[in-house]
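Report on the structure given below.
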2 protein chains.
Amino acid sequence: MTIEPSPEAAILTEIMLAVFRVNGRLLEKGDQLVEPLKLTSARWQVLGAVALAGKPLSAPQIAEAMGITRQGAQKQVNKLEEDGFFEQNINPRHQRSPLYALTEQGMRSFAKAMDLEALWANGLVAGLTLQDLKKTQQTLYAFYQRLDSPVPKKGARS
Amino acid sequence: MTIEPSPEAAILTEIMLAVFRVNGRLLEKGDQLVEPLKLTSARWQVLGAVALAGKPLSAPQIAEAMGITRQGAQKQVNKLEEDGFFEQNINPRHQRSPLYALTEQGMRSFAKAMDLEALWANGLVAGLTLQDLKKTQQTLYAFYQRLDSPVPKKGARS
DNA sequence: CACAACTTGACAACTAGTTTCCAATAATGG
DNA sequence: CCATTATTGGAAACTAGTTGTCAAGTTGTG
């Protein structure tokens, strides 16, 4: 017997497909946008995590902020340091785990990326109402919360 | 000088971040959902492309339907054939390029995946109105279209 | 028919993430 | 103070996609 999806669930399926497609396009366009800055979408996001924190972060902290694994973040961080966007500060709280700060080049590139993004976004929303945009943001956020994986952390007690 | 993002563009940025996060969670949850069927989100989508077409498709046709490259689709197709979800039909229009059809197992697994998804989706939309869901779907679709890469196809004339 | 252009599958190398494992360094608490 | 536990970086192998190349088969046109 087949389960009958409600009309709401049917539209949810369409939203899911739309999220997959928009996600792909955003990464593609984002890569194009910051390509002249010698950045990719992924590295831009890492720069953003540190820039928005307003202070140097360790690799695991960056991973936490980005919602990816610490190993995934570390890879990007290492490359960003190699390419001169990050520099290591000593971490008074952990000798093996340096804090990564934006270099001059890193700050300049991130600022340029933000400008490019603002320009791009301004063009992208033409003809859409603020109300619709807010609704969409709220609905997506609601899904995000419902999808939250309550993976019990190792030490968690009930 | 910094470009001033409009209020609309500022919310768009939030929507972008929400899309990234929801995308990640959907793939994660989707993998969990179809794991007992020996499927992944990616392979499920490939099965879906052929199932929804209602007829056997070649690898490039599957890629086209999914919006990924033909090589990416081919990889999944080959694995799905290895694992008994697909079988090759001869393609009367192209000898080197077989048409892939769902096997009995493929059809059974896809039907089960659809049931699981309907069940999951029904739970996920609780408390959201049909109107908001439609609005969100429309807005995302609008973005998708605006983000459409008009990459001039090789033979395209202006 | 012949030749050029396109399509296709196979393969390799790459990005970006994941999981798993190890070894070394912290942190904790008995 | 010392032993256990947690955190961290590094490396390897994996998923899932990308681009690029190659050779072989297909198609269109003169």
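Labels used: A, B, ... for chains in the order of the structure tokens, numbers from 1 for residues in each chain, and numbers from 1 for ligands as shown.
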Matching every Cα in sequence order between the two identical chains, what are the coordinates of chain B once fitted onto chain A? Write them as a short mmCIF file (atom, residue, chain, number, x, y, z; two decimals) with N, CA and C atoms, in the first residue's frame.
data_model
loop_
_atom_site.label_atom_id
_atom_site.label_comp_id
_atom_site.auth_asym_id
_atom_site.auth_seq_id
_atom_site.Cartn_x
_atom_site.Cartn_y
_atom_site.Cartn_z
N MET B 1 0.89 -1.22 0.11
CA MET B 1 0.06 -0.03 0.12
C MET B 1 0.91 1.23 0.09
N THR B 2 0.51 2.17 -0.73
CA THR B 2 1.29 3.39 -0.85
C THR B 2 0.79 4.46 0.12
N ILE B 3 1.73 5.11 0.79
CA ILE B 3 1.37 6.21 1.69
C ILE B 3 0.97 7.42 0.85
N GLU B 4 -0.14 8.01 1.24
CA GLU B 4 -0.63 9.17 0.50
C GLU B 4 0.02 10.44 1.05
N PRO B 5 0.84 11.15 0.23
CA PRO B 5 1.41 12.39 0.75
C PRO B 5 0.35 13.48 0.77
N SER B 6 0.35 14.29 1.82
CA SER B 6 -0.57 15.41 1.90
C SER B 6 -0.17 16.44 0.85
N PRO B 7 -1.08 17.37 0.51
CA PRO B 7 -0.72 18.43 -0.44
C PRO B 7 0.51 19.19 0.06
N GLU B 8 0.60 19.39 1.37
CA GLU B 8 1.74 20.09 1.93
C GLU B 8 3.03 19.30 1.67
N ALA B 9 2.96 18.00 1.90
CA ALA B 9 4.15 17.18 1.72
C ALA B 9 4.57 17.15 0.24
N ALA B 10 3.58 17.20 -0.64
CA ALA B 10 3.90 17.19 -2.07
C ALA B 10 4.69 18.45 -2.44
N ILE B 11 4.26 19.59 -1.90
CA ILE B 11 4.98 20.83 -2.18
C ILE B 11 6.34 20.80 -1.51
N LEU B 12 6.42 20.18 -0.35
CA LEU B 12 7.72 20.07 0.31
C LEU B 12 8.71 19.35 -0.59
N THR B 13 8.24 18.31 -1.24
CA THR B 13 9.12 17.59 -2.15
C THR B 13 9.62 18.52 -3.25
N GLU B 14 8.74 19.36 -3.76
CA GLU B 14 9.17 20.33 -4.77
C GLU B 14 10.18 21.31 -4.19
N ILE B 15 9.96 21.71 -2.94
CA ILE B 15 10.90 22.63 -2.30
C ILE B 15 12.26 21.96 -2.16
N MET B 16 12.25 20.69 -1.81
CA MET B 16 13.52 19.97 -1.68
C MET B 16 14.28 19.98 -3.00
N LEU B 17 13.58 19.67 -4.06
CA LEU B 17 14.25 19.66 -5.36
C LEU B 17 14.76 21.05 -5.71
N ALA B 18 13.95 22.07 -5.37
CA ALA B 18 14.38 23.45 -5.64
C ALA B 18 15.63 23.79 -4.83
N VAL B 19 15.68 23.33 -3.59
CA VAL B 19 16.86 23.60 -2.74
C VAL B 19 18.10 22.97 -3.37
N PHE B 20 17.98 21.73 -3.84
CA PHE B 20 19.13 21.08 -4.47
C PHE B 20 19.62 21.89 -5.66
N ARG B 21 18.68 22.31 -6.50
CA ARG B 21 19.05 23.02 -7.72
C ARG B 21 19.63 24.40 -7.41
N VAL B 22 18.98 25.11 -6.51
CA VAL B 22 19.46 26.45 -6.17
C VAL B 22 20.84 26.35 -5.51
N ASN B 23 21.00 25.36 -4.66
CA ASN B 23 22.31 25.16 -4.02
C ASN B 23 23.41 25.00 -5.07
N GLY B 24 23.15 24.15 -6.03
CA GLY B 24 24.14 23.92 -7.08
C GLY B 24 24.48 25.19 -7.84
N ARG B 25 23.43 25.92 -8.20
CA ARG B 25 23.64 27.15 -8.96
C ARG B 25 24.37 28.20 -8.13
N LEU B 26 24.04 28.29 -6.85
CA LEU B 26 24.68 29.29 -6.00
C LEU B 26 26.18 29.03 -5.89
N LEU B 27 26.54 27.76 -5.75
CA LEU B 27 27.96 27.44 -5.64
C LEU B 27 28.67 27.78 -6.95
N GLU B 28 28.02 27.43 -8.04
CA GLU B 28 28.59 27.70 -9.37
C GLU B 28 28.80 29.20 -9.57
N LYS B 29 27.72 29.97 -9.29
CA LYS B 29 27.82 31.42 -9.48
C LYS B 29 28.79 32.04 -8.49
N GLY B 30 28.79 31.53 -7.26
CA GLY B 30 29.71 32.04 -6.26
C GLY B 30 31.15 31.82 -6.67
N ASP B 31 31.44 30.65 -7.22
CA ASP B 31 32.79 30.38 -7.71
C ASP B 31 33.18 31.38 -8.78
N GLN B 32 32.25 31.65 -9.70
CA GLN B 32 32.54 32.60 -10.77
C GLN B 32 32.78 34.00 -10.20
N LEU B 33 31.96 34.34 -9.19
CA LEU B 33 32.01 35.68 -8.63
C LEU B 33 33.38 36.00 -8.01
N VAL B 34 33.92 35.05 -7.25
CA VAL B 34 35.17 35.32 -6.52
C VAL B 34 36.41 34.75 -7.21
N GLU B 35 36.20 34.21 -8.39
CA GLU B 35 37.33 33.64 -9.12
C GLU B 35 38.44 34.67 -9.37
N PRO B 36 38.09 35.93 -9.73
CA PRO B 36 39.16 36.92 -9.93
C PRO B 36 39.95 37.23 -8.66
N LEU B 37 39.39 36.89 -7.50
CA LEU B 37 40.11 37.13 -6.24
C LEU B 37 40.93 35.91 -5.84
N LYS B 38 41.01 34.93 -6.73
CA LYS B 38 41.72 33.68 -6.42
C LYS B 38 41.07 32.95 -5.25
N LEU B 39 39.74 33.04 -5.20
CA LEU B 39 38.99 32.34 -4.16
C LEU B 39 37.99 31.40 -4.80
N THR B 40 37.43 30.52 -3.99
CA THR B 40 36.31 29.68 -4.39
C THR B 40 35.19 29.94 -3.38
N SER B 41 33.99 29.43 -3.66
CA SER B 41 32.89 29.58 -2.72
C SER B 41 33.28 29.03 -1.35
N ALA B 42 33.91 27.87 -1.35
CA ALA B 42 34.26 27.21 -0.09
C ALA B 42 35.23 28.07 0.73
N ARG B 43 36.26 28.58 0.07
CA ARG B 43 37.26 29.35 0.81
C ARG B 43 36.71 30.69 1.25
N TRP B 44 35.83 31.25 0.43
CA TRP B 44 35.16 32.49 0.77
C TRP B 44 34.38 32.31 2.07
N GLN B 45 33.69 31.20 2.16
CA GLN B 45 32.90 30.93 3.37
C GLN B 45 33.79 30.82 4.60
N VAL B 46 34.97 30.23 4.42
CA VAL B 46 35.90 30.09 5.55
C VAL B 46 36.40 31.47 5.98
N LEU B 47 36.78 32.29 5.01
CA LEU B 47 37.19 33.66 5.33
C LEU B 47 36.07 34.36 6.09
N GLY B 48 34.84 34.15 5.61
CA GLY B 48 33.69 34.79 6.23
C GLY B 48 33.51 34.38 7.68
N ALA B 49 33.74 33.12 7.97
CA ALA B 49 33.57 32.64 9.34
C ALA B 49 34.50 33.39 10.28
N VAL B 50 35.74 33.59 9.86
CA VAL B 50 36.70 34.29 10.72
C VAL B 50 36.41 35.79 10.74
N ALA B 51 36.09 36.34 9.57
CA ALA B 51 35.81 37.78 9.49
C ALA B 51 34.61 38.14 10.37
N LEU B 52 33.56 37.32 10.31
CA LEU B 52 32.36 37.63 11.08
C LEU B 52 32.57 37.40 12.57
N ALA B 53 33.46 36.48 12.92
CA ALA B 53 33.75 36.25 14.34
C ALA B 53 34.42 37.48 14.94
N GLY B 54 35.16 38.20 14.11
CA GLY B 54 35.81 39.42 14.58
C GLY B 54 37.06 39.17 15.39
N LYS B 55 37.48 37.91 15.45
CA LYS B 55 38.70 37.58 16.18
C LYS B 55 39.25 36.27 15.61
N PRO B 56 40.53 36.03 15.79
CA PRO B 56 41.12 34.78 15.27
C PRO B 56 40.45 33.55 15.86
N LEU B 57 40.30 32.52 15.02
CA LEU B 57 39.66 31.27 15.45
C LEU B 57 40.58 30.10 15.17
N SER B 58 40.45 29.05 15.97
CA SER B 58 41.16 27.81 15.69
C SER B 58 40.40 27.04 14.61
N ALA B 59 41.05 26.07 14.01
CA ALA B 59 40.41 25.28 12.96
C ALA B 59 39.11 24.62 13.45
N PRO B 60 39.11 23.97 14.61
CA PRO B 60 37.86 23.38 15.07
C PRO B 60 36.76 24.42 15.30
N GLN B 61 37.14 25.61 15.73
CA GLN B 61 36.12 26.66 15.92
C GLN B 61 35.53 27.08 14.58
N ILE B 62 36.37 27.16 13.56
CA ILE B 62 35.87 27.51 12.23
C ILE B 62 34.90 26.44 11.75
N ALA B 63 35.27 25.18 11.97
CA ALA B 63 34.40 24.07 11.57
C ALA B 63 33.05 24.19 12.25
N GLU B 64 33.09 24.45 13.53
CA GLU B 64 31.87 24.61 14.32
C GLU B 64 30.98 25.71 13.73
N ALA B 65 31.61 26.86 13.45
CA ALA B 65 30.86 28.00 12.92
C ALA B 65 30.24 27.68 11.56
N MET B 66 30.94 26.86 10.77
CA MET B 66 30.47 26.58 9.42
C MET B 66 29.55 25.37 9.36
N GLY B 67 29.50 24.60 10.41
CA GLY B 67 28.68 23.40 10.40
C GLY B 67 29.27 22.28 9.57
N ILE B 68 30.59 22.25 9.46
CA ILE B 68 31.24 21.12 8.76
C ILE B 68 32.19 20.45 9.74
N THR B 69 32.82 19.38 9.31
CA THR B 69 33.71 18.67 10.23
C THR B 69 35.03 19.42 10.38
N ARG B 70 35.71 19.13 11.45
CA ARG B 70 36.96 19.84 11.73
C ARG B 70 38.01 19.51 10.66
N GLN B 71 37.97 18.29 10.15
CA GLN B 71 38.93 17.91 9.11
C GLN B 71 38.68 18.66 7.81
N GLY B 72 37.40 18.80 7.49
CA GLY B 72 37.06 19.55 6.27
C GLY B 72 37.50 20.99 6.36
N ALA B 73 37.26 21.61 7.51
CA ALA B 73 37.67 22.99 7.71
C ALA B 73 39.19 23.11 7.67
N GLN B 74 39.86 22.15 8.31
CA GLN B 74 41.33 22.20 8.37
C GLN B 74 41.95 22.23 6.97
N LYS B 75 41.37 21.44 6.08
CA LYS B 75 41.89 21.40 4.70
C LYS B 75 41.88 22.79 4.07
N GLN B 76 40.73 23.45 4.16
CA GLN B 76 40.61 24.78 3.55
C GLN B 76 41.52 25.77 4.26
N VAL B 77 41.56 25.68 5.58
CA VAL B 77 42.40 26.60 6.36
C VAL B 77 43.86 26.47 5.94
N ASN B 78 44.32 25.25 5.81
CA ASN B 78 45.72 25.05 5.42
C ASN B 78 46.01 25.68 4.06
N LYS B 79 45.08 25.50 3.13
CA LYS B 79 45.28 26.07 1.80
C LYS B 79 45.23 27.59 1.84
N LEU B 80 44.31 28.12 2.64
CA LEU B 80 44.19 29.57 2.74
C LEU B 80 45.44 30.18 3.37
N GLU B 81 46.06 29.45 4.29
CA GLU B 81 47.29 29.94 4.89
C GLU B 81 48.42 29.91 3.84
N GLU B 82 48.51 28.79 3.15
CA GLU B 82 49.49 28.67 2.07
C GLU B 82 49.40 29.83 1.08
N ASP B 83 48.18 30.21 0.78
CA ASP B 83 47.96 31.24 -0.24
C ASP B 83 47.96 32.66 0.33
N GLY B 84 48.25 32.79 1.62
CA GLY B 84 48.45 34.12 2.18
C GLY B 84 47.21 34.84 2.63
N PHE B 85 46.09 34.13 2.78
CA PHE B 85 44.87 34.78 3.26
C PHE B 85 44.78 34.73 4.79
N PHE B 86 45.39 33.72 5.36
CA PHE B 86 45.38 33.54 6.82
C PHE B 86 46.81 33.57 7.34
N GLU B 87 46.95 33.97 8.61
CA GLU B 87 48.23 33.80 9.28
C GLU B 87 47.95 33.19 10.65
N GLN B 88 48.94 32.48 11.18
CA GLN B 88 48.76 31.81 12.47
C GLN B 88 49.13 32.75 13.61
N ASN B 89 48.25 32.82 14.60
CA ASN B 89 48.59 33.46 15.86
C ASN B 89 48.76 32.35 16.89
N ILE B 90 49.65 32.55 17.85
CA ILE B 90 49.75 31.51 18.88
C ILE B 90 48.49 31.55 19.73
N ASN B 91 48.06 30.35 20.09
CA ASN B 91 46.85 30.19 20.89
C ASN B 91 47.27 30.00 22.35
N PRO B 92 46.99 31.00 23.17
CA PRO B 92 47.43 30.88 24.57
C PRO B 92 46.76 29.71 25.28
N ARG B 93 45.63 29.24 24.72
CA ARG B 93 44.89 28.18 25.40
C ARG B 93 45.19 26.80 24.86
N HIS B 94 46.00 26.74 23.80
CA HIS B 94 46.28 25.42 23.22
C HIS B 94 47.47 25.53 22.27
N GLN B 95 48.61 24.97 22.72
CA GLN B 95 49.83 25.20 21.94
C GLN B 95 49.82 24.55 20.56
N ARG B 96 49.18 23.40 20.44
CA ARG B 96 49.21 22.71 19.14
C ARG B 96 48.20 23.30 18.17
N SER B 97 47.27 24.10 18.66
CA SER B 97 46.16 24.54 17.81
C SER B 97 46.18 26.05 17.64
N PRO B 98 46.84 26.54 16.58
CA PRO B 98 46.97 27.98 16.39
C PRO B 98 45.63 28.64 16.10
N LEU B 99 45.55 29.94 16.34
CA LEU B 99 44.40 30.72 15.93
C LEU B 99 44.71 31.32 14.57
N TYR B 100 43.74 31.28 13.69
CA TYR B 100 43.95 31.81 12.34
C TYR B 100 43.31 33.18 12.24
N ALA B 101 44.10 34.14 11.76
CA ALA B 101 43.62 35.51 11.57
C ALA B 101 43.76 35.88 10.11
N LEU B 102 42.91 36.79 9.64
CA LEU B 102 43.03 37.27 8.27
C LEU B 102 44.29 38.12 8.13
N THR B 103 45.03 37.91 7.07
CA THR B 103 46.13 38.80 6.73
C THR B 103 45.55 40.05 6.07
N GLU B 104 46.42 41.00 5.77
CA GLU B 104 45.99 42.18 5.00
C GLU B 104 45.31 41.74 3.71
N GLN B 105 45.97 40.83 3.01
CA GLN B 105 45.41 40.32 1.75
C GLN B 105 44.06 39.65 1.99
N GLY B 106 43.98 38.89 3.08
CA GLY B 106 42.73 38.21 3.40
C GLY B 106 41.60 39.20 3.61
N MET B 107 41.90 40.27 4.35
CA MET B 107 40.87 41.27 4.62
C MET B 107 40.46 41.99 3.35
N ARG B 108 41.45 42.34 2.54
CA ARG B 108 41.13 43.03 1.29
C ARG B 108 40.26 42.14 0.40
N SER B 109 40.65 40.88 0.26
CA SER B 109 39.90 39.98 -0.62
C SER B 109 38.49 39.74 -0.10
N PHE B 110 38.36 39.60 1.21
CA PHE B 110 37.02 39.36 1.74
C PHE B 110 36.14 40.58 1.54
N ALA B 111 36.71 41.77 1.74
CA ALA B 111 35.93 43.00 1.53
C ALA B 111 35.47 43.09 0.08
N LYS B 112 36.37 42.76 -0.84
CA LYS B 112 35.99 42.80 -2.26
C LYS B 112 34.90 41.79 -2.55
N ALA B 113 35.02 40.60 -1.95
CA ALA B 113 34.01 39.56 -2.18
C ALA B 113 32.65 40.04 -1.68
N MET B 114 32.65 40.72 -0.53
CA MET B 114 31.38 41.23 0.01
C MET B 114 30.77 42.26 -0.93
N ASP B 115 31.60 43.11 -1.47
CA ASP B 115 31.10 44.11 -2.42
C ASP B 115 30.50 43.43 -3.65
N LEU B 116 31.22 42.47 -4.17
CA LEU B 116 30.73 41.77 -5.36
C LEU B 116 29.41 41.09 -5.05
N GLU B 117 29.33 40.52 -3.87
CA GLU B 117 28.11 39.79 -3.51
C GLU B 117 26.93 40.75 -3.35
N ALA B 118 27.17 41.91 -2.75
CA ALA B 118 26.09 42.87 -2.57
C ALA B 118 25.54 43.32 -3.93
N LEU B 119 26.47 43.56 -4.84
CA LEU B 119 26.10 43.98 -6.20
C LEU B 119 25.25 42.90 -6.87
N TRP B 120 25.72 41.69 -6.76
CA TRP B 120 25.05 40.55 -7.37
C TRP B 120 23.67 40.34 -6.76
N ALA B 121 23.62 40.38 -5.42
CA ALA B 121 22.37 40.15 -4.72
C ALA B 121 21.35 41.24 -5.06
N ASN B 122 21.81 42.48 -5.17
CA ASN B 122 20.90 43.56 -5.52
C ASN B 122 20.21 43.30 -6.85
N GLY B 123 20.96 42.75 -7.79
CA GLY B 123 20.37 42.44 -9.08
C GLY B 123 19.44 41.25 -9.02
N LEU B 124 19.76 40.33 -8.13
CA LEU B 124 19.04 39.06 -8.09
C LEU B 124 17.64 39.18 -7.50
N VAL B 125 17.42 40.15 -6.62
CA VAL B 125 16.13 40.25 -5.95
C VAL B 125 15.15 41.15 -6.67
N ALA B 126 15.56 41.72 -7.80
CA ALA B 126 14.69 42.64 -8.53
C ALA B 126 13.32 42.00 -8.75
N GLY B 127 12.29 42.70 -8.35
CA GLY B 127 10.94 42.23 -8.62
C GLY B 127 10.36 41.33 -7.55
N LEU B 128 11.16 41.02 -6.53
CA LEU B 128 10.63 40.21 -5.44
C LEU B 128 10.34 41.12 -4.25
N THR B 129 9.26 40.82 -3.56
CA THR B 129 8.89 41.69 -2.43
C THR B 129 9.63 41.28 -1.17
N LEU B 130 9.84 42.26 -0.34
CA LEU B 130 10.51 42.01 0.94
C LEU B 130 9.74 40.98 1.74
N GLN B 131 8.42 41.06 1.63
CA GLN B 131 7.57 40.14 2.39
C GLN B 131 7.79 38.68 1.96
N ASP B 132 7.79 38.47 0.66
CA ASP B 132 7.99 37.11 0.15
C ASP B 132 9.36 36.58 0.55
N LEU B 133 10.35 37.46 0.48
CA LEU B 133 11.70 37.05 0.83
C LEU B 133 11.77 36.64 2.30
N LYS B 134 11.14 37.43 3.14
CA LYS B 134 11.15 37.11 4.57
C LYS B 134 10.47 35.78 4.83
N LYS B 135 9.31 35.59 4.15
CA LYS B 135 8.55 34.36 4.32
C LYS B 135 9.42 33.16 3.94
N THR B 136 10.11 33.31 2.83
CA THR B 136 10.94 32.21 2.35
C THR B 136 12.06 31.91 3.34
N GLN B 137 12.68 32.96 3.82
CA GLN B 137 13.77 32.77 4.77
C GLN B 137 13.26 32.07 6.03
N GLN B 138 12.09 32.51 6.49
CA GLN B 138 11.52 31.91 7.70
C GLN B 138 11.18 30.44 7.49
N THR B 139 10.60 30.16 6.33
CA THR B 139 10.20 28.77 6.07
C THR B 139 11.43 27.87 5.97
N LEU B 140 12.45 28.35 5.27
CA LEU B 140 13.66 27.54 5.16
C LEU B 140 14.29 27.33 6.53
N TYR B 141 14.26 28.37 7.34
CA TYR B 141 14.84 28.24 8.67
C TYR B 141 14.06 27.23 9.50
N ALA B 142 12.72 27.26 9.31
CA ALA B 142 11.88 26.28 10.02
C ALA B 142 12.27 24.86 9.62
N PHE B 143 12.50 24.65 8.33
CA PHE B 143 12.92 23.31 7.88
C PHE B 143 14.26 22.94 8.49
N TYR B 144 15.15 23.91 8.47
CA TYR B 144 16.48 23.64 8.99
C TYR B 144 16.39 23.15 10.43
N GLN B 145 15.56 23.82 11.20
CA GLN B 145 15.43 23.42 12.60
C GLN B 145 14.79 22.04 12.74
N ARG B 146 13.77 21.78 11.92
CA ARG B 146 13.12 20.47 11.99
C ARG B 146 14.07 19.37 11.55
N LEU B 147 15.01 19.74 10.68
CA LEU B 147 15.95 18.73 10.17
C LEU B 147 17.15 18.57 11.10
N ASP B 148 17.15 19.36 12.17
CA ASP B 148 18.29 19.32 13.08
C ASP B 148 18.53 17.89 13.54
N SER B 149 19.76 17.46 13.34
CA SER B 149 20.15 16.12 13.77
C SER B 149 20.42 16.12 15.26
N PRO B 150 19.53 15.57 16.04
CA PRO B 150 19.85 15.50 17.45
C PRO B 150 20.77 14.30 17.68
N VAL B 151 21.90 14.32 17.00
CA VAL B 151 22.88 13.25 17.19
C VAL B 151 23.42 13.38 18.60
N PRO B 152 23.13 12.43 19.46
CA PRO B 152 23.56 12.54 20.85
C PRO B 152 25.07 12.62 20.91
N LYS B 153 25.54 13.74 21.42
CA LYS B 153 26.99 13.90 21.57
C LYS B 153 27.53 12.85 22.51
N LYS B 154 28.78 12.52 22.29
CA LYS B 154 29.35 11.37 22.98
C LYS B 154 29.04 11.36 24.48
N GLY B 155 29.24 12.50 25.11
CA GLY B 155 29.09 12.52 26.56
C GLY B 155 27.67 12.77 27.05
N ALA B 156 26.72 12.91 26.11
CA ALA B 156 25.37 13.31 26.48
C ALA B 156 24.68 12.29 27.38
N ARG B 157 24.03 12.81 28.41
CA ARG B 157 23.24 11.96 29.30
C ARG B 157 21.75 12.17 29.03
N SER B 158 20.97 11.12 29.26
CA SER B 158 19.53 11.27 29.05
C SER B 158 18.81 11.43 30.36
#
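Residue-level contact on chain D: within 10 Å of chain A, counting only C-alpha atoms (C1' of nucleotides), the set is DT7, DT8, DG9 and DG10 of chain D.
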Taking only C-alpha atoms (C1' of nucleotides) into account, produce a table as JSON lines in which each residue of chain C with an atom at most 10 Å from an atom of chain B appears once, together with its shortest atom pair and the distance in Å to one decimal, ordered by chain and rising number.
{"residue": "C:DT7", "atom": "C1'", "partner": "B:Pro60", "partner_atom": "CA", "distance": 9.4}
{"residue": "C:DT8", "atom": "C1'", "partner": "B:Ser97", "partner_atom": "CA", "distance": 6.6}
{"residue": "C:DG9", "atom": "C1'", "partner": "B:Arg96", "partner_atom": "CA", "distance": 7.9}
{"residue": "C:DA10", "atom": "C1'", "partner": "B:Gln71", "partner_atom": "CA", "distance": 9.6}
Pick out each residue of chain A that DSSP on the backbone tags as helix (DSSP H, G or I); I need them as a count of residues only.
103
Which residues are close to C:DC6, i.e. within 10 Å by only C-alpha atoms (C1' of nucleotides), leaving aside same-chain residues fewer than 5 positions away? Reply as a PyMOL selection string.
chain D and resi 26-28
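Between atom C1' of C:DT25 and atom C1' of D:DT4 the interatomic distance comes to 14.0 Å.
Between atom C1' of C:DA12 and atom C1' of D:DC22 lies a distance of 10.9 Å.
Scanning stretch 77-119 of chain A with DSSP on the backbone, the strand (DSSP E or B) assignments fall on Phe86, Glu87, Gln88, Asn89, Leu99, Tyr100, Ala101 and Leu102 of chain A.
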Those residues with N, CA and C atoms, as a PDB file, in the first residue's frame please?
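And here is the file that came out, selection_31.pdb:
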ATOM      1  N   PHE A  86      45.412  33.686   5.381  1.00  0.00           N
ATOM      2  CA  PHE A  86      45.396  33.497   6.836  1.00  0.00           C
ATOM      3  C   PHE A  86      46.819  33.530   7.369  1.00  0.00           C
ATOM      4  N   GLU A  87      46.949  33.949   8.626  1.00  0.00           N
ATOM      5  CA  GLU A  87      48.216  33.767   9.316  1.00  0.00           C
ATOM      6  C   GLU A  87      47.931  33.167  10.683  1.00  0.00           C
ATOM      7  N   GLN A  88      48.925  32.445  11.209  1.00  0.00           N
ATOM      8  CA  GLN A  88      48.740  31.788  12.495  1.00  0.00           C
ATOM      9  C   GLN A  88      49.096  32.728  13.633  1.00  0.00           C
ATOM     10  N   ASN A  89      48.226  32.803  14.615  1.00  0.00           N
ATOM     11  CA  ASN A  89      48.553  33.436  15.893  1.00  0.00           C
ATOM     12  C   ASN A  89      48.717  32.320  16.920  1.00  0.00           C
ATOM     13  N   LEU A  99      45.521  29.890  16.358  1.00  0.00           N
ATOM     14  CA  LEU A  99      44.367  30.682  15.942  1.00  0.00           C
ATOM     15  C   LEU A  99      44.684  31.283  14.576  1.00  0.00           C
ATOM     16  N   TYR A 100      43.722  31.233  13.692  1.00  0.00           N
ATOM     17  CA  TYR A 100      43.934  31.767  12.357  1.00  0.00           C
ATOM     18  C   TYR A 100      43.290  33.141  12.245  1.00  0.00           C
ATOM     19  N   ALA A 101      44.086  34.093  11.765  1.00  0.00           N
ATOM     20  CA  ALA A 101      43.604  35.474  11.579  1.00  0.00           C
ATOM     21  C   ALA A 101      43.752  35.841  10.115  1.00  0.00           C
ATOM     22  N   LEU A 102      42.900  36.752   9.646  1.00  0.00           N
ATOM     23  CA  LEU A 102      43.018  37.242   8.281  1.00  0.00           C
ATOM     24  C   LEU A 102      44.275  38.092   8.149  1.00  0.00           C
TER      25      LEU A 102
END
Computed interatomic separation between atom C1' of C:DA23 and atom C1' of D:DT15 (Å):
27.0 Å
